$ cat final25.csv   # CSV, C-alpha atoms and all ligand atoms
chain,number,residue,atom,x,y,z
M,1,MET,CA,25.9,-9.7,33.8
M,2,PRO,CA,25.4,-12.6,31.2
M,3,ALA,CA,27.3,-15.7,32.1
M,4,VAL,CA,30.5,-16.4,30.1
M,5,PRO,CA,30.7,-19.8,28.3
M,6,VAL,CA,33.3,-22.2,29.5
M,7,SER,CA,35.6,-22.9,26.6
M,8,PHE,CA,35.9,-26.4,25.0
M,9,ASP,CA,39.7,-26.6,25.6
M,10,SER,CA,39.4,-28.2,29.0
M,11,PHE,CA,37.0,-30.8,27.7
M,12,ASN,CA,39.1,-31.8,24.8
M,13,THR,CA,41.4,-34.0,26.9
M,14,LEU,CA,38.6,-35.4,29.2
M,15,ALA,CA,38.7,-39.1,29.5
M,16,ASP,CA,35.6,-40.8,28.1
M,17,GLU,CA,34.4,-42.1,31.4
M,18,ARG,CA,34.8,-38.7,33.1
M,19,ALA,CA,32.9,-37.1,30.2
M,20,ASP,CA,30.2,-39.7,30.7
M,21,GLU,CA,29.8,-38.8,34.4
M,22,ARG,CA,29.7,-35.1,33.6
M,23,ILE,CA,27.0,-35.6,31.0
M,24,LEU,CA,24.9,-37.4,33.6
M,25,GLU,CA,25.6,-34.8,36.3
M,26,ALA,CA,24.6,-31.9,34.0
M,27,ARG,CA,21.5,-33.7,32.8
M,28,ALA,CA,20.4,-34.2,36.4
M,29,ARG,CA,20.7,-30.5,36.9
M,30,LEU,CA,18.8,-29.7,33.8
M,31,GLY,CA,16.0,-32.3,34.2
M,32,LYS,CA,13.2,-32.0,31.7
M,33,ARG,CA,14.4,-28.6,30.4
M,34,VAL,CA,16.5,-30.5,27.9
M,35,VAL,CA,15.8,-33.3,25.4
M,36,LEU,CA,18.5,-35.2,23.5
M,37,LEU,CA,17.5,-36.3,20.0
M,38,CYS,CA,19.9,-38.8,18.4
M,39,HIS,CA,20.1,-40.1,14.8
M,40,HIS,CA,20.7,-43.8,14.3
M,41,TYR,CA,24.2,-43.3,12.9
M,42,GLN,CA,25.4,-41.7,16.1
M,43,ARG,CA,28.3,-43.4,17.9
M,44,ALA,CA,27.5,-45.8,20.8
M,45,ASP,CA,29.0,-43.6,23.5
M,46,VAL,CA,26.7,-40.7,22.6
M,47,TYR,CA,23.6,-42.8,21.5
M,48,ARG,CA,23.3,-44.3,25.0
M,49,HIS,CA,22.4,-40.8,26.3
M,50,ALA,CA,19.5,-40.3,23.8
M,51,ASP,CA,15.9,-39.6,25.0
M,52,ILE,CA,14.7,-40.1,21.5
M,53,THR,CA,16.3,-41.9,18.5
M,54,GLY,CA,15.1,-42.1,15.0
M,55,ASP,CA,15.6,-41.5,11.3
M,56,SER,CA,15.3,-38.0,9.8
M,57,LEU,CA,11.5,-38.1,9.3
M,58,LYS,CA,10.8,-39.3,12.9
M,59,LEU,CA,13.2,-36.9,14.4
M,60,SER,CA,11.8,-33.9,12.5
M,61,ARG,CA,8.3,-34.9,13.6
M,62,LEU,CA,9.4,-35.2,17.2
M,63,ALA,CA,11.4,-32.0,17.2
M,64,SER,CA,8.1,-30.2,16.4
M,65,GLN,CA,6.3,-31.9,19.3
M,66,THR,CA,8.8,-31.8,22.2
M,67,GLU,CA,8.1,-29.5,25.1
M,68,ALA,CA,11.7,-29.1,26.3
M,69,GLU,CA,13.4,-25.7,26.4
M,70,TYR,CA,16.6,-27.0,24.8
M,71,ILE,CA,16.8,-29.5,22.0
M,72,ILE,CA,20.3,-31.0,21.8
M,73,PHE,CA,20.6,-32.6,18.4
M,74,CYS,CA,23.1,-35.5,18.2
M,75,GLY,CA,23.2,-35.7,14.4
M,76,VAL,CA,24.4,-33.3,11.7
M,77,HIS,CA,23.9,-29.6,11.0
M,78,PHE,CA,20.8,-29.8,8.7
M,79,MET,CA,19.0,-31.9,11.3
M,80,ALA,CA,19.5,-29.3,14.0
M,81,GLU,CA,18.3,-26.6,11.5
M,82,VAL,CA,15.1,-28.6,10.9
M,83,ALA,CA,14.6,-28.8,14.7
M,84,ASP,CA,15.0,-25.1,15.0
M,85,ILE,CA,12.6,-24.4,12.1
M,86,LEU,CA,9.9,-26.8,13.4
M,87,SER,CA,10.1,-26.0,17.1
M,88,ARG,CA,8.5,-23.0,18.9
M,89,PRO,CA,10.4,-19.7,18.7
M,90,GLU,CA,11.3,-19.9,22.4
M,91,GLN,CA,12.9,-23.3,22.1
M,92,VAL,CA,16.6,-23.5,21.4
M,93,SER,CA,18.3,-26.0,19.1
M,94,ILE,CA,21.9,-27.0,19.8
M,95,LEU,CA,24.4,-29.0,17.8
M,96,PRO,CA,27.2,-30.1,20.2
M,97,ASP,CA,29.9,-29.8,17.5
M,98,LEU,CA,29.4,-27.2,14.8
M,99,SER,CA,31.7,-29.1,12.4
M,100,ALA,CA,29.3,-32.0,12.2
M,101,GLY,CA,28.0,-31.3,8.7
M,102,CYS,CA,26.8,-33.6,5.9
M,103,SER,CA,29.1,-33.8,2.9
M,104,MET,CA,26.1,-34.6,0.6
M,105,ALA,CA,24.2,-31.6,1.8
M,106,ASP,CA,27.2,-29.4,0.9
M,107,MET,CA,27.0,-30.6,-2.7
M,108,ALA,CA,24.1,-28.3,-3.5
M,109,SER,CA,24.2,-24.6,-2.7
M,110,LEU,CA,21.5,-21.9,-3.1
M,111,ALA,CA,23.7,-20.1,-5.7
M,112,LYS,CA,24.0,-23.3,-7.8
M,113,VAL,CA,20.4,-24.2,-7.6
M,114,GLU,CA,19.3,-20.7,-8.5
M,115,ARG,CA,21.6,-20.8,-11.5
M,116,CYS,CA,20.1,-24.2,-12.5
M,117,TRP,CA,16.6,-22.6,-12.3
M,118,ARG,CA,17.7,-19.7,-14.5
M,119,GLU,CA,19.3,-22.0,-17.0
M,120,LEU,CA,16.3,-24.2,-17.1
M,121,SER,CA,14.2,-21.2,-18.0
M,122,ALA,CA,16.0,-20.9,-21.3
M,123,VAL,CA,14.4,-24.3,-22.3
M,124,LEU,CA,11.1,-24.3,-20.3
M,125,ASP,CA,9.1,-22.4,-17.7
M,126,PRO,CA,10.3,-23.9,-14.4
M,127,ASP,CA,7.8,-22.1,-12.2
M,128,GLU,CA,5.0,-23.6,-14.4
M,129,GLN,CA,6.6,-27.0,-15.2
M,130,VAL,CA,9.0,-28.0,-12.5
M,131,THR,CA,8.5,-28.9,-8.8
M,132,PRO,CA,11.8,-28.5,-6.8
M,133,VAL,CA,12.2,-31.3,-4.3
M,134,THR,CA,15.0,-31.2,-1.8
M,135,TYR,CA,16.1,-34.1,0.3
M,136,ILE,CA,16.0,-33.2,4.0
M,137,ASN,CA,19.9,-33.5,3.8
M,138,SER,CA,20.2,-29.9,2.6
M,139,ALA,CA,20.7,-26.5,4.0
M,140,ALA,CA,17.8,-24.4,5.2
M,141,ASP,CA,18.1,-21.9,2.4
M,142,LEU,CA,17.4,-24.7,-0.2
M,143,LYS,CA,14.4,-25.8,1.8
M,144,ALA,CA,13.3,-22.2,1.6
M,145,PHE,CA,13.9,-22.2,-2.2
M,146,CYS,CA,11.5,-25.1,-2.5
M,147,GLY,CA,8.9,-23.5,-0.2
M,148,GLU,CA,9.0,-20.4,-2.3
M,149,HIS,CA,8.8,-22.1,-5.6
M,150,GLY,CA,5.9,-24.5,-4.9
M,151,GLY,CA,8.2,-27.3,-3.9
M,152,ILE,CA,8.7,-29.6,-1.0
M,153,VAL,CA,11.1,-31.5,1.2
M,154,CYS,CA,11.5,-35.3,1.3
M,155,THR,CA,13.3,-37.8,3.5
M,156,SER,CA,14.5,-41.3,2.6
M,157,SER,CA,11.2,-42.8,4.0
M,158,ASN,CA,8.7,-40.7,2.0
M,159,ALA,CA,10.5,-39.7,-1.3
M,160,ALA,CA,8.2,-41.8,-3.6
M,161,LYS,CA,5.1,-40.3,-2.0
M,162,VAL,CA,6.6,-36.8,-2.2
M,163,LEU,CA,7.2,-37.4,-5.9
M,164,GLY,CA,3.6,-38.4,-6.3
M,165,TRP,CA,2.6,-35.1,-4.7
M,166,SER,CA,5.0,-33.2,-6.9
M,167,PHE,CA,3.8,-34.7,-10.2
M,168,ALA,CA,0.2,-34.0,-9.3
M,169,ARG,CA,1.2,-30.3,-9.5
M,170,ARG,CA,3.8,-30.0,-12.3
M,171,GLU,CA,5.0,-32.3,-15.0
M,172,LYS,CA,8.7,-32.4,-14.0
M,173,VAL,CA,10.8,-32.5,-10.8
M,174,LEU,CA,14.2,-31.0,-10.0
M,175,PHE,CA,15.5,-33.3,-7.3
M,176,PHE,CA,18.6,-32.3,-5.1
M,177,PRO,CA,21.1,-33.1,-3.8
M,178,ASP,CA,21.0,-36.9,-3.8
M,179,GLN,CA,20.8,-38.4,-7.2
M,180,HIS,CA,20.6,-42.0,-5.9
M,181,LEU,CA,17.5,-41.3,-3.7
M,182,GLY,CA,15.9,-39.4,-6.6
M,183,ARG,CA,16.6,-42.2,-9.1
M,184,TRP,CA,15.5,-45.0,-6.9
M,185,SER,CA,12.3,-43.2,-5.9
M,186,GLY,CA,11.6,-42.3,-9.5
M,187,HIS,CA,12.1,-45.9,-10.5
M,188,GLN,CA,9.6,-47.0,-7.7
M,189,ILE,CA,6.9,-44.9,-9.3
M,190,GLY,CA,7.6,-46.2,-12.8
M,191,ILE,CA,9.8,-43.5,-14.4
M,192,PRO,CA,12.3,-44.9,-16.9
M,193,LEU,CA,16.0,-44.3,-16.2
M,194,ASP,CA,16.5,-42.4,-19.5
M,195,ARG,CA,14.0,-39.8,-18.3
M,196,MET,CA,16.0,-39.1,-15.2
M,197,PRO,CA,19.2,-37.3,-16.5
M,198,VAL,CA,21.8,-36.0,-14.1
M,199,TRP,CA,22.4,-32.3,-13.8
M,200,ASN,CA,26.1,-31.4,-13.3
M,201,PRO,CA,26.1,-28.0,-11.7
M,202,ASP,CA,29.6,-27.2,-12.9
M,203,LEU,CA,28.6,-27.5,-16.6
M,204,GLU,CA,26.5,-25.2,-18.7
M,205,LEU,CA,22.8,-26.4,-18.7
M,206,GLY,CA,24.0,-29.1,-16.3
M,207,GLY,CA,25.9,-30.8,-19.2
M,208,LEU,CA,22.5,-31.7,-20.8
M,209,THR,CA,21.1,-30.9,-24.2
M,210,PRO,CA,17.9,-28.8,-24.4
M,211,GLU,CA,16.2,-32.0,-25.8
M,212,GLN,CA,17.3,-34.0,-22.7
M,213,VAL,CA,15.8,-31.3,-20.4
M,214,ARG,CA,12.5,-31.3,-22.4
M,215,ASN,CA,12.4,-35.1,-22.3
M,216,ALA,CA,13.2,-35.4,-18.5
M,217,LYS,CA,10.7,-36.3,-15.9
M,218,ILE,CA,13.1,-35.9,-13.0
M,219,ILE,CA,16.3,-33.9,-13.2
M,220,LEU,CA,18.7,-35.4,-10.7
M,221,TRP,CA,21.3,-33.3,-9.0
M,222,HIS,CA,24.9,-34.6,-9.2
M,223,GLY,CA,25.1,-35.3,-5.4
M,224,TYR,CA,25.7,-38.4,-3.4
M,225,CYS,CA,26.6,-39.7,0.1
M,226,SER,CA,30.3,-40.6,0.4
M,227,VAL,CA,29.4,-43.3,2.9
M,228,HIS,CA,26.6,-45.1,0.9
M,229,GLN,CA,28.3,-44.8,-2.5
M,230,MET,CA,31.0,-47.2,-1.1
M,231,PHE,CA,28.7,-50.2,-1.2
M,232,GLN,CA,29.0,-52.5,-4.2
M,233,PRO,CA,26.6,-55.1,-5.8
M,234,ALA,CA,29.5,-57.7,-5.9
M,235,ARG,CA,29.3,-57.9,-2.1
M,236,ILE,CA,25.6,-58.8,-2.3
M,237,ALA,CA,26.3,-61.5,-4.9
M,238,ALA,CA,29.1,-63.0,-2.7
M,239,PHE,CA,26.7,-62.9,0.3
M,240,ARG,CA,23.9,-64.6,-1.7
M,241,ALA,CA,26.4,-67.3,-2.9
M,242,ARG,CA,27.4,-68.1,0.7
M,243,HIS,CA,23.9,-67.8,2.2
M,244,PRO,CA,21.1,-68.4,-0.4
M,245,GLU,CA,18.5,-68.1,2.3
M,246,GLY,CA,19.9,-64.7,3.5
M,247,LYS,CA,18.1,-61.4,2.9
M,248,VAL,CA,19.6,-58.0,1.9
M,249,ILE,CA,18.4,-54.6,2.9
M,250,ALA,CA,19.9,-51.3,1.8
M,251,HIS,CA,19.4,-47.5,2.4
M,252,PRO,CA,18.1,-45.7,-0.7
M,253,GLU,CA,21.2,-43.4,-0.7
M,254,CYS,CA,23.1,-46.5,-2.1
M,255,SER,CA,23.6,-46.7,-5.9
M,256,PHE,CA,20.7,-47.9,-8.1
M,257,GLU,CA,22.6,-51.2,-8.8
M,258,VAL,CA,22.9,-51.9,-5.0
M,259,CYS,CA,19.2,-51.0,-4.4
M,260,ARG,CA,18.1,-53.2,-7.3
M,261,ALA,CA,20.2,-56.2,-6.0
M,262,SER,CA,18.7,-55.8,-2.5
M,263,ASP,CA,15.5,-57.5,-1.3
M,264,TYR,CA,14.4,-54.4,0.6
M,265,VAL,CA,15.3,-50.7,0.4
M,266,GLY,CA,14.4,-48.3,3.2
M,267,SER,CA,15.3,-45.6,5.6
M,268,THR,CA,17.4,-46.2,8.8
M,269,GLU,CA,14.2,-46.7,10.8
M,270,THR,CA,12.8,-49.1,8.2
M,271,ILE,CA,16.0,-51.1,8.2
M,272,ILE,CA,15.9,-51.5,12.0
M,273,ARG,CA,12.2,-52.4,12.1
M,274,THR,CA,12.5,-54.9,9.2
M,275,VAL,CA,15.4,-56.8,10.7
M,276,LYS,CA,13.9,-56.7,14.2
M,277,GLU,CA,10.6,-58.0,12.9
M,278,SER,CA,12.1,-60.8,10.9
M,279,ALA,CA,11.9,-64.5,12.0
M,280,PRO,CA,14.3,-65.7,14.7
M,281,GLY,CA,17.4,-67.1,13.1
M,282,SER,CA,17.2,-65.0,10.0
M,283,ARG,CA,20.4,-63.9,8.3
M,284,TRP,CA,20.8,-60.4,6.9
M,285,MET,CA,23.2,-58.2,4.9
M,286,VAL,CA,22.7,-54.5,5.6
M,287,GLY,CA,23.9,-51.6,3.5
M,288,THR,CA,24.0,-48.5,5.6
M,289,GLU,CA,26.3,-46.7,8.1
M,290,LEU,CA,28.5,-48.9,10.3
M,291,ASN,CA,27.4,-47.6,13.8
M,292,LEU,CA,23.8,-48.5,13.0
M,293,VAL,CA,24.7,-51.9,11.6
M,294,ASP,CA,27.0,-52.9,14.5
M,295,ARG,CA,24.3,-51.8,17.1
M,296,LEU,CA,21.6,-53.7,15.2
M,297,ALA,CA,23.8,-56.9,14.9
M,298,HIS,CA,24.3,-56.7,18.7
M,299,GLU,CA,20.6,-56.2,19.5
M,300,VAL,CA,19.2,-59.1,17.4
M,301,LYS,CA,21.9,-61.6,18.3
M,302,ALA,CA,19.9,-63.0,21.2
M,303,ASP,CA,17.2,-64.0,18.7
M,304,GLY,CA,19.8,-66.0,16.8
M,305,LYS,CA,19.7,-63.5,13.9
M,306,SER,CA,22.9,-62.5,12.2
M,307,VAL,CA,23.6,-59.2,10.6
M,308,GLU,CA,26.5,-58.7,8.2
M,309,PHE,CA,27.8,-55.3,7.1
M,310,MET,CA,27.7,-54.7,3.3
M,311,GLY,CA,30.9,-52.6,3.2
M,312,GLY,CA,34.2,-54.1,2.5
M,313,MET,CA,35.8,-51.4,4.6
M,314,VAL,CA,34.9,-49.2,7.5
M,315,CYS,CA,32.0,-46.9,6.3
M,316,MET,CA,31.1,-44.4,9.0
M,317,CYS,CA,29.5,-41.0,8.8
M,318,SER,CA,32.7,-39.3,9.8
M,319,THR,CA,31.0,-35.9,10.3
M,320,MET,CA,28.3,-37.3,12.6
M,321,GLN,CA,31.1,-39.0,14.5
M,322,ARG,CA,32.4,-35.6,15.5
M,323,ILE,CA,29.6,-35.4,18.1
M,324,ASP,CA,31.5,-37.1,21.0
M,325,PRO,CA,30.9,-37.4,24.7
M,326,GLN,CA,33.4,-34.5,25.3
M,327,HIS,CA,31.3,-32.1,23.2
M,328,LEU,CA,28.1,-33.3,24.7
M,329,ALA,CA,29.5,-32.8,28.2
M,330,TRP,CA,30.7,-29.3,27.3
M,331,CYS,CA,27.4,-28.0,25.9
M,332,LEU,CA,25.3,-29.6,28.7
M,333,GLU,CA,27.5,-28.1,31.5
M,334,ASN,CA,27.4,-24.7,29.9
M,335,LEU,CA,23.6,-25.0,29.6
M,336,ALA,CA,23.3,-26.1,33.3
M,337,ASP,CA,25.3,-23.0,34.2
M,338,GLY,CA,22.8,-20.9,32.1
M,339,VAL,CA,24.9,-20.4,29.0
M,340,VAL,CA,23.8,-21.6,25.5
M,341,VAL,CA,26.7,-22.7,23.3
M,342,ASN,CA,26.4,-23.9,19.6
M,343,ARG,CA,22.9,-22.6,19.1
M,344,ILE,CA,21.6,-23.3,15.6
M,345,SER,CA,19.4,-20.5,14.5
M,346,VAL,CA,17.9,-20.3,11.0
M,347,PRO,CA,17.3,-16.6,9.9
M,348,GLU,CA,13.6,-15.7,9.9
M,349,HIS,CA,13.4,-15.0,6.2
M,350,GLU,CA,14.7,-18.6,5.4
M,351,ALA,CA,12.9,-20.3,8.2
M,352,GLN,CA,9.5,-19.0,7.0
M,353,PHE,CA,9.6,-20.7,3.6
M,354,ALA,CA,11.6,-23.7,4.7
M,355,LYS,CA,8.8,-24.4,7.1
M,356,VAL,CA,6.3,-24.2,4.3
M,357,ALA,CA,8.2,-26.9,2.4
M,358,LEU,CA,8.7,-29.1,5.5
M,359,GLU,CA,5.1,-28.8,6.5
M,360,ARG,CA,4.0,-29.9,3.0
M,361,MET,CA,6.2,-33.0,3.5
M,362,LEU,CA,4.8,-33.7,6.9
M,363,ALA,CA,1.3,-33.5,5.6
M,364,VAL,CA,2.1,-35.9,2.7
M,365,SER,CA,3.9,-38.6,4.8
M,401,LIG,P1,17.4,-41.5,7.3
M,401,LIG,O1,16.4,-40.7,6.6
M,401,LIG,O2,17.3,-42.9,7.0
M,401,LIG,O3,17.6,-41.1,8.7
M,401,LIG,O4,18.8,-41.1,6.6
M,401,LIG,C1,19.5,-39.9,6.8
M,401,LIG,C2,20.8,-39.9,6.4
M,401,LIG,O5,21.5,-39.0,6.4
M,401,LIG,C3,21.3,-41.2,5.8
M,401,LIG,O6,22.6,-41.0,5.3
M,402,LIG,FE1,25.3,-37.0,5.1
M,402,LIG,FE2,26.0,-39.4,4.2
M,402,LIG,FE3,26.5,-38.7,6.8
M,402,LIG,FE4,24.0,-39.3,5.9
M,402,LIG,S1,25.7,-40.7,6.0
M,402,LIG,S2,24.6,-37.5,7.2
M,402,LIG,S3,24.1,-38.4,3.8
M,402,LIG,S4,27.4,-37.8,4.9
$ encode --input "final25.csv" --output "structure tokens" --more "lines below"
Ligand code: 13P
Ligand code: SF4
Amino acid sequence: MPAVPVSFDSFNTLADERADERILEARARLGKRVVLLCHHYQRADVYRHADITGDSLKLSRLASQTEAEYIIFCGVHFMAEVADILSRPEQVSILPDLSAGCSMADMASLAKVERCWRELSAVLDPDEQVTPVTYINSAADLKAFCGEHGGIVCTSSNAAKVLGWSFARREKVLFFPDQHLGRWSGHQIGIPLDRMPVWNPDLELGGLTPEQVRNAKIILWHGYCSVHQMFQPARIAAFRARHPEGKVIAHPECSFEVCRASDYVGSTETIIRTVKESAPGSRWMVGTELNLVDRLAHEVKADGKSVEFMGGMVCMCSTMQRIDPQHLAWCLENLADGVVVNRISVPEHEAQFAKVALERMLAVS
């Protein structure tokens, strides 16, 4: 008879310390059968249990290389989907709390992207002229759309390269869901801002004129990250006034104005590496999620480096925050008892084309 899952109810009220002990006990029982992948935005009480940490690109690469039977993804839903798509069929991808989504990923749906494609075809021939590019922060069915229409996935660390790949194939790009990453990456490869109009999926022809569509090099989807859009250039100006020698680094999900006012722009992994490799005693302002910034500030303190958060208020990825020690203990104990809970399984028909788009990206980066 199949084992029955233990419900989460009894874990909900578990004290953090006890949850921690139970995570360690369950992991000892599971040994190498389980690997814990953790994104840099993960909270400290979960992050300390990670086997592997990284940005989206690094974690998707490693998800395809791990030998473990169970991949527990301490991140958000699209990351666990990527792990499922890129891992072997017998491996199981698990998201400890199914409500850990990404609000930006939810801003583009397959129905809306398909409607956009249909509307574009009134002005041009999208399958001949437009490469669809989806940020990895998107649902598997959108990655599949890209795979099927000659398109590709990108992450925040390879978006400019991916645009180069795309323009080598077709003259235009439809970039979703993050307008900011698309705009910054387009700017990096020399595309003028007026040739990157924003497509509003709630308006007919995205709110654009046929002329604007014809003139566009990159059509940017009207999506954004609610965490990164909080950062303001005024905070950078105030930091520079206080510390003229200080350096500023921001994630490309920040607005164009913030990226332009920064000294460096890069993915979470790049931010960490750049600050860690800087000279002892350097002073930094960092524009990305608070858990990462706090951890980094702590780690480089011993070298006399100081790291200041760019936000004027608390900016955390509230959805990733939902993965807590209680949910981690709950799914690990069930696993140790032979029961899989919260499996993320992408349907075969989506996984097949999504993998095509992901593999194109891995080959490019
Ligand atoms: P990275 O590619 O830097 O990991 O960013 C992912 C993400 O969701 C940032 O908000
Ligand atoms: Fe999504 Fe923003 Fe959270 Fe990144 S920080 S996972 S883009 S909501």
$ residues_around --input "final25.csv" --residues "stretch 221-231 of chain M" --least-positions-apart "5" --cutoff "9 Å" --atoms "all atoms listed in the file" --output "ChimeraX atom specification"
/M:102-108,174-182,197-201,206,251-255,258,287-289,310-313,315-318
$ residues_around --input "final25.csv" --residues "stretch 51-66 of chain M" --least-positions-apart "2" --cutoff "8 Å" --atoms "all atoms listed in the file" --output "number ranges by chain"
M: 35-40, 47, 49, 68, 71, 79, 82-83, 86-88, 136, 155-157, 267-269, 362
$ closest_residue --input "final25.csv" --among "M:Asp294, M:Asp337, M:Glu348, M:Glu211" --to "M:Ala26" --atoms "all atoms listed in the file"
M:Asp337
$ atom_distance --input "final25.csv" --atom1 "atom CA of M:Asn137" --atom2 "atom FE4 of ligand LIG 402 (chain M)"
7.4 Å
$ residues_near_point --input "final25.csv" --point "(29.1, -25.2, 15.5)" --cutoff "8 Å" --atoms "all atoms listed in the file" --output "PyMOL selection string"
chain M and resi 95-100+342-344
$ residues_around --input "final25.csv" --residues "M:Gly31" --least-positions-apart "6" --cutoff "12 Å" --atoms "all atoms listed in the file" --output "PDB file with C-alpha atoms, keeping the file's coordinate frame"
ATOM      1  CA  ILE M  23      27.000 -35.600  31.000  1.00  0.00           C
ATOM      2  CA  LEU M  24      24.900 -37.400  33.600  1.00  0.00           C
ATOM      3  CA  GLU M  25      25.600 -34.800  36.300  1.00  0.00           C
ATOM      4  CA  ASP M  51      15.900 -39.600  25.000  1.00  0.00           C
ATOM      5  CA  ALA M  68      11.700 -29.100  26.300  1.00  0.00           C
ATOM      6  CA  GLU M  69      13.400 -25.700  26.400  1.00  0.00           C
ATOM      7  CA  TYR M  70      16.600 -27.000  24.800  1.00  0.00           C
ATOM      8  CA  LEU M 332      25.300 -29.600  28.700  1.00  0.00           C
ATOM      9  CA  LEU M 335      23.600 -25.000  29.600  1.00  0.00           C
ATOM     10  CA  ALA M 336      23.300 -26.100  33.300  1.00  0.00           C
TER      11      ALA M 336
END
$ residues_near_point --input "final25.csv" --point "(16.2, -58.6, 7.6)" --cutoff "10 Å" --atoms "all atoms listed in the file" --output "list in words"
Gly246, Lys247, Val248, Ile249, Asp263, Tyr264, Ile271, Ile272, Arg273, Thr274, Val275, Lys276, Glu277, Ser278, Ala279, Ser282, Arg283, Trp284, Met285, Val286, Lys305, Ser306 and Val307 of chain M
$ atom_distance --input "final25.csv" --atom1 "atom CA of M:Arg240" --atom2 "atom CA of M:Ser262"
10.3 Å
$ atom_distance --input "final25.csv" --atom1 "atom CA of M:Cys74" --atom2 "atom CA of M:Cys259"
27.7 Å
$ closest_residue --input "final25.csv" --among "M:Ala28, M:Ile189, M:Leu292, M:Met361" --to "ligand LIG 402 (chain M)" --atoms "only C-alpha atoms and all ligand atoms"
M:Leu292
$ closest_residue --input "final25.csv" --among "M:Cys331, M:Ala234, M:Val341, M:Val76" --to "ligand LIG 402 (chain M)" --atoms "only C-alpha atoms and all ligand atoms"
M:Val76
$ residues_around --input "final25.csv" --residues "M:Arg169" --least-positions-apart "3" --cutoff "12 Å" --atoms "only C-alpha atoms" --output "MDAnalysis selection string"
chainID M and resid 127:132 149:152 162:166 172:173
$ closest_residue --input "final25.csv" --among "M:Tyr135, M:Phe145, M:Phe256, M:Phe309" --to "ligand LIG 401 (chain M)" --atoms "only C-alpha atoms and all ligand atoms"
M:Tyr135
$ closest_residue --input "final25.csv" --among "M:Ser185, M:Thr13, M:Gln212, M:Asn291" --to "ligand LIG 402 (chain M)" --atoms "only C-alpha atoms and all ligand atoms"
M:Asn291
$ axis_aligned_box --input "final25.csv" --around "stretch 24-41 of chain M" --padding-each-side "5 Å" --output "lines of an AutoDock Vina configuration file"
center_x = 19.4
center_y = -36.2
center_z = 24.9
size_x = 22.4
size_y = 25.2
size_z = 34.0
$ closest_residue --input "final25.csv" --among "M:Leu203, M:Ala237, M:Ala159, M:Cys146" --to "ligand LIG 401 (chain M)" --atoms "all atoms listed in the file"
M:Ala159
$ residues_around --input "final25.csv" --residues "M:Pro126" --least-positions-apart "5" --cutoff "7 Å" --atoms "all atoms listed in the file" --output "number ranges by chain"
M: 117, 120-121
$ write_last_selection --input "final25.csv" --atoms "C-alpha atoms" --output "compact mmCIF listing (two decimals), keeping the file's coordinate frame"
# COMPACT_ATOMS: atom_id res chain seq x y z
CA TRP M 117 16.60 -22.60 -12.30
CA LEU M 120 16.30 -24.20 -17.10
CA SER M 121 14.20 -21.20 -18.00
